[in-house]
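Undergrad: Data file input14.txt (compact mmCIF, C-alpha atoms) is appended below.
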```txt
# COMPACT_ATOMS: atom_id res chain seq x y z
CA MET K 93 117.09 120.21 81.52
CA SER K 94 115.35 116.84 81.78
CA TYR K 95 113.65 115.42 84.87
CA ARG K 96 113.34 111.81 86.04
CA ILE K 97 110.23 111.18 88.11
CA LEU K 98 109.14 108.11 90.04
CA ALA K 99 105.37 107.74 90.50
CA ILE K 100 103.84 105.46 93.16
CA ASN K 101 100.19 104.37 93.28
CA PRO K 102 99.07 101.67 95.75
CA GLY K 103 95.81 99.82 95.13
CA SER K 104 94.01 97.22 97.23
CA THR K 105 96.03 94.21 95.97
CA SER K 106 98.84 95.82 93.97
CA THR K 107 101.22 98.77 93.92
CA LYS K 108 101.98 100.46 90.61
CA ILE K 109 105.26 102.25 90.03
CA SER K 110 106.28 104.21 86.95
CA LEU K 111 109.49 105.91 85.91
CA TYR K 112 109.23 108.90 83.58
CA GLU K 113 111.85 111.07 81.94
CA ASP K 114 109.99 114.29 81.26
CA GLU K 115 106.85 113.17 79.33
CA LYS K 116 108.38 109.85 78.24
CA GLU K 117 107.43 106.69 80.14
CA ILE K 118 110.53 104.59 80.80
CA PHE K 119 108.63 101.72 82.44
CA THR K 120 105.57 100.89 84.50
CA LYS K 121 105.36 97.91 86.84
CA LYS K 122 102.32 96.51 88.59
CA LEU K 123 103.60 94.83 91.75
CA GLU K 124 101.00 92.28 92.77
CA HIS K 125 100.17 91.54 96.42
CA PRO K 126 98.33 88.19 96.54
CA LEU K 127 95.22 88.06 98.70
CA ASN K 128 96.73 85.43 100.98
CA ILE K 129 99.54 87.90 101.79
CA ILE K 130 97.25 90.92 102.20
CA GLU K 131 94.98 88.96 104.56
CA LYS K 132 97.89 88.44 106.97
CA PHE K 133 97.71 92.14 107.90
CA ASP K 134 94.98 93.34 110.24
CA SER K 135 95.08 96.87 108.79
CA VAL K 136 96.21 98.72 105.67
CA LYS K 137 98.71 100.70 107.75
CA ASN K 138 100.54 97.50 108.72
CA GLN K 139 101.15 96.70 105.04
CA LEU K 140 103.51 99.67 104.73
CA GLN K 141 106.85 97.95 105.26
CA MET K 142 105.90 94.99 103.04
CA ARG K 143 104.90 97.27 100.17
CA LYS K 144 107.90 99.57 100.62
CA ASP K 145 110.28 96.58 100.48
CA ILE K 146 108.67 95.33 97.27
CA VAL K 147 108.89 98.77 95.64
CA VAL K 148 112.56 99.17 96.59
CA ALA K 149 113.35 95.64 95.35
CA SER K 150 111.66 96.39 92.02
CA LEU K 151 113.65 99.59 91.60
CA GLU K 152 116.87 97.67 92.22
CA GLU K 153 115.84 94.94 89.75
CA ASN K 154 115.25 97.59 87.11
CA ASN K 155 118.57 99.33 87.85
CA VAL K 156 116.94 102.55 89.00
CA ASP K 157 119.43 104.70 90.90
CA ILE K 158 117.28 106.82 93.20
CA LYS K 159 120.10 109.39 93.43
CA LYS K 160 119.43 110.17 89.75
CA LEU K 161 115.74 110.88 90.32
CA SER K 162 114.47 114.48 90.31
CA ALA K 163 111.38 113.82 92.43
CA VAL K 164 108.99 111.15 93.70
CA VAL K 165 105.25 111.67 93.33
CA ALA K 166 102.55 109.69 95.12
CA ARG K 167 98.83 109.22 94.93
CA GLY K 168 97.12 111.43 97.50
CA GLY K 169 95.68 109.52 100.46
CA MET K 170 92.59 110.08 102.59
CA LEU K 171 93.46 113.52 103.91
CA PRO K 172 91.12 116.18 105.21
CA PRO K 173 89.88 118.37 102.34
CA VAL K 174 92.78 119.81 100.32
CA LYS K 175 93.11 121.76 97.08
CA PRO K 176 93.76 120.05 93.74
CA GLY K 177 97.32 119.98 92.47
CA ALA K 178 100.60 119.28 94.22
CA TYR K 179 101.47 119.21 97.91
CA VAL K 180 104.93 118.72 99.35
CA ILE K 181 104.93 115.58 101.49
CA ASN K 182 105.95 116.50 105.02
CA GLU K 183 105.94 114.89 108.47
CA LEU K 184 102.48 116.25 109.27
CA MET K 185 101.02 114.62 106.17
CA ILE K 186 102.74 111.33 107.00
CA ASP K 187 101.29 111.41 110.52
CA ARG K 188 97.81 112.11 109.15
CA VAL K 189 97.69 109.30 106.55
CA GLU K 190 99.37 106.78 108.85
CA ASN K 191 97.60 107.53 112.12
CA ARG K 192 94.57 109.76 111.44
CA PRO K 193 93.29 109.16 107.91
CA ILE K 194 89.72 110.09 106.99
CA MET K 195 89.23 106.42 106.13
CA GLU K 196 91.39 103.33 105.74
CA HIS K 197 92.53 103.00 102.13
CA ALA K 198 95.56 101.67 100.27
CA SER K 199 96.28 105.16 98.91
CA ASN K 200 97.33 106.19 102.43
CA LEU K 201 100.52 104.16 101.92
CA ALA K 202 101.66 106.15 98.88
CA ALA K 203 103.00 109.25 100.64
CA PRO K 204 105.01 107.33 103.29
CA ILE K 205 106.67 105.14 100.63
CA ALA K 206 107.46 108.15 98.43
CA TYR K 207 108.73 110.21 101.37
CA ASP K 208 111.09 107.46 102.52
CA ILE K 209 112.62 107.06 99.06
CA ALA K 210 112.88 110.82 98.54
CA GLN K 211 114.56 111.33 101.92
CA LYS K 212 117.21 108.73 101.06
CA ALA K 213 117.77 110.35 97.64
CA GLY K 214 117.74 113.94 98.91
CA ILE K 215 114.98 114.99 96.50
CA PRO K 216 111.44 116.41 96.89
CA ALA K 217 108.37 114.20 97.29
CA TYR K 218 104.84 115.27 96.35
CA ILE K 219 101.30 114.05 96.25
CA TYR K 220 99.21 115.21 93.31
CA ASP K 221 95.43 115.66 92.92
CA SER K 222 94.29 113.88 96.07
CA VAL K 223 91.00 112.03 95.89
CA MET K 224 89.86 114.37 98.69
CA ALA K 225 90.58 117.56 96.72
CA ASP K 226 87.75 119.96 97.49
CA GLU K 227 86.66 123.05 95.56
CA LEU K 228 82.90 122.67 96.01
CA THR K 229 80.87 125.86 96.11
CA ASP K 230 78.90 126.59 99.27
CA ILE K 231 75.60 125.84 97.58
CA ALA K 232 76.88 122.45 96.40
CA ARG K 233 77.67 121.32 99.95
CA LEU K 234 74.08 121.22 101.21
CA SER K 235 72.58 117.73 101.11
CA GLY K 236 69.20 118.28 102.77
CA MET K 237 70.40 116.97 106.15
CA PRO K 238 72.58 119.38 108.18
CA GLU K 239 74.25 116.38 109.85
CA ILE K 240 75.43 115.05 106.48
CA PRO K 241 77.03 117.74 104.31
CA ARG K 242 78.09 116.67 100.83
CA ILE K 243 81.78 115.78 100.70
CA SER K 244 84.04 116.20 97.69
CA SER K 245 85.41 112.73 96.96
CA SER K 246 85.95 111.72 93.36
CA HIS K 247 88.45 110.57 90.74
CA VAL K 248 90.20 113.96 90.71
CA LEU K 249 93.57 112.74 89.40
CA ASN K 250 92.39 111.27 86.12
CA THR K 251 89.46 113.59 85.43
CA ARG K 252 91.50 116.75 85.93
CA ALA K 253 94.37 115.44 83.79
CA MET K 254 91.98 114.51 80.96
CA ALA K 255 90.24 117.90 81.15
CA MET K 256 93.61 119.66 80.91
CA LYS K 257 94.68 117.41 78.03
CA ALA K 258 91.48 118.00 76.07
CA ALA K 259 91.70 121.78 76.57
CA ASN K 260 95.34 121.80 75.46
CA GLU K 261 94.56 119.76 72.33
CA ARG K 262 91.97 122.38 71.39
CA GLY K 263 94.43 125.22 71.86
CA ARG K 264 92.44 126.48 74.83
CA LYS K 265 93.12 126.99 78.52
CA TYR K 266 91.64 124.60 81.08
CA GLU K 267 90.76 127.69 83.14
CA ASP K 268 88.60 129.08 80.32
CA MET K 269 86.39 126.03 79.75
CA ASN K 270 83.43 124.28 81.39
CA ILE K 271 83.99 120.54 81.11
CA ILE K 272 82.07 117.59 82.54
CA VAL K 273 84.22 114.50 83.03
CA ALA K 274 82.77 111.08 83.84
CA HIS K 275 85.28 108.58 85.22
CA LEU K 276 84.01 105.10 84.39
CA GLY K 277 85.79 102.47 86.45
CA GLY K 278 85.08 100.06 89.31
CA GLY K 279 83.48 103.13 90.85
CA ILE K 280 81.95 105.90 88.76
CA SER K 281 82.19 109.60 89.59
CA ILE K 282 81.30 112.65 87.51
CA ASN K 283 82.96 116.07 87.90
CA LEU K 284 82.12 119.55 86.71
CA HIS K 285 85.32 121.45 85.88
CA GLU K 286 84.09 125.04 85.81
CA LYS K 287 86.71 127.49 84.60
CA GLY K 288 89.56 125.47 86.10
CA ARG K 289 87.83 124.49 89.37
CA ILE K 290 85.88 121.35 90.30
CA THR K 291 82.86 123.20 91.64
CA ASP K 292 80.49 120.22 91.89
CA ILE K 293 80.65 116.45 91.67
CA ILE K 294 78.56 113.31 91.71
CA SER K 295 80.54 110.88 93.85
CA ASP K 296 80.56 107.11 93.44
CA ASP K 297 77.96 106.71 96.20
CA GLU K 298 75.48 109.39 95.12
CA GLY K 299 75.14 108.74 91.40
CA PRO K 300 75.27 105.93 88.83
CA PHE K 301 75.76 102.33 89.87
CA SER K 302 79.02 100.88 88.58
CA PRO K 303 80.68 97.47 88.16
CA GLU K 304 80.96 97.02 91.93
CA ARG K 305 79.14 99.92 93.62
CA ALA K 306 75.44 100.45 94.14
CA GLY K 307 75.55 104.22 93.69
CA ARG K 308 72.47 106.26 94.62
CA VAL K 309 69.76 103.99 96.02
CA PRO K 310 66.31 104.80 97.51
CA CYS K 311 67.07 106.04 101.03
CA ARG K 312 63.89 104.88 102.79
CA GLU K 313 64.29 101.34 101.51
CA LEU K 314 67.98 101.38 102.42
CA ILE K 315 67.11 102.36 106.01
CA ASN K 316 64.52 99.57 106.17
CA LEU K 317 67.08 97.05 104.92
CA CYS K 318 69.60 98.19 107.55
CA TYR K 319 67.11 97.63 110.39
CA GLU K 320 65.59 94.34 109.28
CA GLY K 321 68.20 92.46 111.34
CA LYS K 322 69.21 90.48 108.27
CA TYR K 323 72.59 92.16 107.62
CA ASN K 324 75.31 93.63 109.83
CA ARG K 325 77.10 96.92 109.19
CA ASP K 326 80.01 95.36 107.26
CA THR K 327 77.67 93.43 104.98
CA MET K 328 75.68 96.56 104.23
CA GLN K 329 78.88 98.46 103.47
CA ARG K 330 79.88 95.73 101.01
CA LYS K 331 76.42 95.82 99.41
CA LEU K 332 77.05 99.48 98.63
CA ARG K 333 80.78 99.26 97.83
CA GLY K 334 82.21 96.03 96.47
CA ASN K 335 79.15 93.85 95.96
CA GLY K 336 76.79 96.33 94.32
CA GLY K 337 76.16 97.34 90.71
CA LEU K 338 77.01 94.89 87.93
CA ARG K 339 78.26 92.35 90.47
CA ALA K 340 74.93 92.33 92.30
CA TYR K 341 72.87 92.01 89.12
CA LEU K 342 75.13 89.84 86.93
CA ASN K 343 77.79 88.38 89.27
CA THR K 344 80.68 90.01 87.40
CA ILE K 345 82.56 93.31 87.47
CA ASP K 346 84.03 92.82 83.99
CA ALA K 347 82.31 94.92 81.32
CA ARG K 348 83.70 92.57 78.66
CA GLU K 349 81.86 89.66 80.24
CA VAL K 350 78.65 91.69 80.32
CA GLU K 351 79.01 92.50 76.62
CA LYS K 352 79.60 88.80 75.92
CA MET K 353 76.34 87.98 77.75
CA ILE K 354 74.55 90.60 75.66
CA HIS K 355 75.96 89.22 72.40
CA GLU K 356 74.80 85.77 73.50
CA GLY K 357 71.26 87.09 73.87
CA SER K 358 70.90 87.88 77.58
CA LYS K 359 68.07 90.40 77.91
CA LYS K 360 68.88 90.91 81.59
CA ALA K 361 72.51 91.83 80.85
CA LYS K 362 71.37 94.24 78.14
CA LEU K 363 68.90 95.94 80.48
CA VAL K 364 71.45 96.27 83.33
CA TYR K 365 74.21 97.59 81.06
CA GLU K 366 71.91 100.11 79.43
CA ALA K 367 70.63 101.15 82.88
CA MET K 368 74.20 101.91 83.97
CA ALA K 369 74.72 104.05 80.84
CA TYR K 370 71.32 105.68 81.43
CA GLN K 371 72.27 106.65 84.99
CA ILE K 372 75.66 108.01 83.87
CA ALA K 373 73.92 110.16 81.26
CA LYS K 374 71.45 111.41 83.91
CA GLY K 375 74.40 112.41 86.11
CA ILE K 376 76.02 114.34 83.27
CA GLY K 377 72.73 116.09 82.61
CA GLU K 378 72.35 116.90 86.30
CA LEU K 379 75.75 118.65 86.45
CA SER K 380 75.09 120.57 83.23
CA THR K 381 72.41 122.56 85.08
CA VAL K 382 75.03 124.06 87.42
CA THR K 383 76.35 126.25 84.59
CA GLU K 384 72.88 126.72 83.10
CA GLY K 385 73.79 124.43 80.23
CA LYS K 386 76.98 126.31 79.30
CA ILE K 387 79.20 123.24 78.79
CA ASP K 388 82.07 123.22 76.29
CA LEU K 389 82.88 119.51 76.37
CA ILE K 390 81.92 116.17 77.91
CA ILE K 391 84.69 113.63 78.48
CA LEU K 392 84.24 109.90 79.15
CA THR K 393 87.33 108.36 80.71
CA GLY K 394 88.38 105.43 82.93
CA GLY K 395 88.83 101.73 82.25
CA ILE K 396 85.34 100.89 81.02
CA ALA K 397 85.32 103.86 78.65
CA TYR K 398 87.01 101.33 76.32
CA SER K 399 83.52 99.84 75.92
CA LYS K 400 82.13 101.41 72.74
CA MET K 401 78.76 99.86 73.51
CA LEU K 402 78.63 101.78 76.79
CA THR K 403 80.08 105.10 75.56
CA ASP K 404 77.80 105.13 72.51
CA CYS K 405 74.79 104.58 74.76
CA ILE K 406 75.84 107.50 76.98
CA SER K 407 76.79 109.78 74.10
CA LYS K 408 73.46 109.54 72.31
CA ARG K 409 71.72 110.80 75.47
CA VAL K 410 74.06 113.72 76.27
CA SER K 411 75.47 114.95 72.95
CA PHE K 412 72.74 117.61 72.83
CA ILE K 413 74.48 119.28 75.80
CA ALA K 414 77.98 119.39 74.28
CA SER K 415 80.30 117.33 72.10
CA VAL K 416 81.52 114.11 73.70
CA GLU K 417 85.12 112.90 73.67
CA VAL K 418 86.20 109.44 74.82
CA LEU K 419 89.63 109.36 76.51
CA ALA K 420 89.63 105.79 77.77
CA GLY K 421 91.96 104.44 80.45
CA GLU K 422 92.85 105.13 84.06
CA ASN K 423 95.89 107.29 83.11
CA GLU K 424 96.80 107.65 86.79
CA MET K 425 100.55 107.10 86.50
CA GLU K 426 100.91 109.56 83.63
CA SER K 427 98.74 112.06 85.50
CA LEU K 428 100.91 111.82 88.61
CA ALA K 429 104.18 112.13 86.68
CA PHE K 430 102.99 115.02 84.51
CA GLY K 431 101.71 116.87 87.58
CA ALA K 432 105.11 116.60 89.29
CA LEU K 433 106.80 117.60 86.03
CA ARG K 434 104.81 120.83 85.89
CA VAL K 435 105.96 121.61 89.44
CA LEU K 436 109.62 120.90 88.62
CA ARG K 437 109.38 123.11 85.53
CA GLY K 438 107.89 125.95 87.55
CA GLU K 439 104.55 125.82 85.72
CA GLU K 440 102.72 125.01 88.97
CA ARG K 441 103.43 125.65 92.63
CA ALA K 442 103.39 122.87 95.20
CA ARG K 443 101.55 123.74 98.40
CA GLU K 444 102.81 122.97 101.90
CA TYR K 445 100.47 120.62 103.74
CA ARG K 446 99.00 122.16 106.91
CA GLU K 447 96.01 121.39 109.12
```
Could you write out this structure as structure tokens?
TA:
Amino acid sequence: MSYRILAINPGSTSTKISLYEDEKEIFTKKLEHPLNIIEKFDSVKNQLQMRKDIVVASLEENNVDIKKLSAVVARGGMLPPVKPGAYVINELMIDRVENRPIMEHASNLAAPIAYDIAQKAGIPAYIYDSVMADELTDIARLSGMPEIPRISSSHVLNTRAMAMKAANERGRKYEDMNIIVAHLGGGISINLHEKGRITDIISDDEGPFSPERAGRVPCRELINLCYEGKYNRDTMQRKLRGNGGLRAYLNTIDAREVEKMIHEGSKKAKLVYEAMAYQIAKGIGELSTVTEGKIDLIILTGGIAYSKMLTDCISKRVSFIASVEVLAGENEMESLAFGALRVLRGEERAREYRE
């Protein structure tokens, strides 16, 4: 029996949809939402109908009969901590992401769009590997300030899929391996997959700087900057997320542009790019201590893992820990579809969302 799965993944200025038949991609569309349209809405929540209409129109244009779908799968939104894997989308989840999300984010729109389509088609709808998936150990939650426990927030979807893929290609079980996966994108997070569980992470605000995020910065100086009266709260937030990292140093978030600067002789670009690789390698080394150095594999994934200059720089610093494999790309649509496929085939169980 074959399964047809629709995957939905909203981003800040676009919504991606993919149609899969079993493991085969039928098509993927990136539905752009121009900034001048997005700016008309005073909240992400209010974009829901606009995005849903565009998704439905695209399905009609591509002659997709929703009645022939087996399931719809959506990116997991900003829910309270959940487990990795699949959850059935229900009314409680819809209420949470629409009215009580942990934070405002485009991913909160995924479940409502998927649920609406699935209801009309009479099929199940799931989220898979929410960004808020949490399997941290108790010891990993302590930050040093009781008021600020460490929170599990990382690129779970892609890192878990790549860890599973790498284990499978080696004829091994994901649950039997210790794998560190660094997701290298607009934000950078690093996960320790310890015997099938993500037991510790370095999130995109507590580790390496990235193309647009500042990462871990000196706390005392950050506090001083906040109270100088020079910047308001929103500006400081953007300095950390959006205007930090490569953008702050080199006024670009494009790794290809940075490499071009380096090839043209920019010493500053070379230093900044190598510093980003240096910090990523430090993060990998940091997580390797959790298992006392018992690491089977290190994976570099995400969009900027296509940069051989960057991955080579990281690899030479961490290859003493374990072998390094580069699995470049975001892989989010495939990861969503394959997750739902495992549920439909009975290889995984979808949880019911409860609070």
Undergrad: Quick one: distance from CA of Leu184 in chain K to CA of Arg446 in chain K in Å, one decimal?
TA: 7.3 Å
Undergrad: For range 411-415 of chain K, please output as a PyMOL selection string all residues within 7 Å (counting all atoms listed in the file; exclusion window: fewer than 4 positions along the same chain).
TA: chain K and resi 385+387-390+407
Undergrad: Neighbours of range 274-283 of chain K within 7 Å (all atoms listed in the file; same-chain residues fewer than 6 positions away dropped), as a PyMOL selection string?
TA: chain K and resi 246-247+251+290+292-296+300+302-305+376+391-397
Undergrad: Starting from the point (105.2, 90.6, 107.0), work out which residues of protein, DNA or RNA have an atom no more than 8 Å away when counting only C-alpha atoms; state them as a VMD selection string.
TA: chain K and resid 132 to 133 139 141 to 142
Undergrad: Which value, in Å to one decimal, gives the distance between CA of Asp187 in chain K and CA of Ala203 in chain K?
TA: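 CA of Ala203 in chain K lies at a distance of 10.3 Å from CA of Asp187 in chain K.
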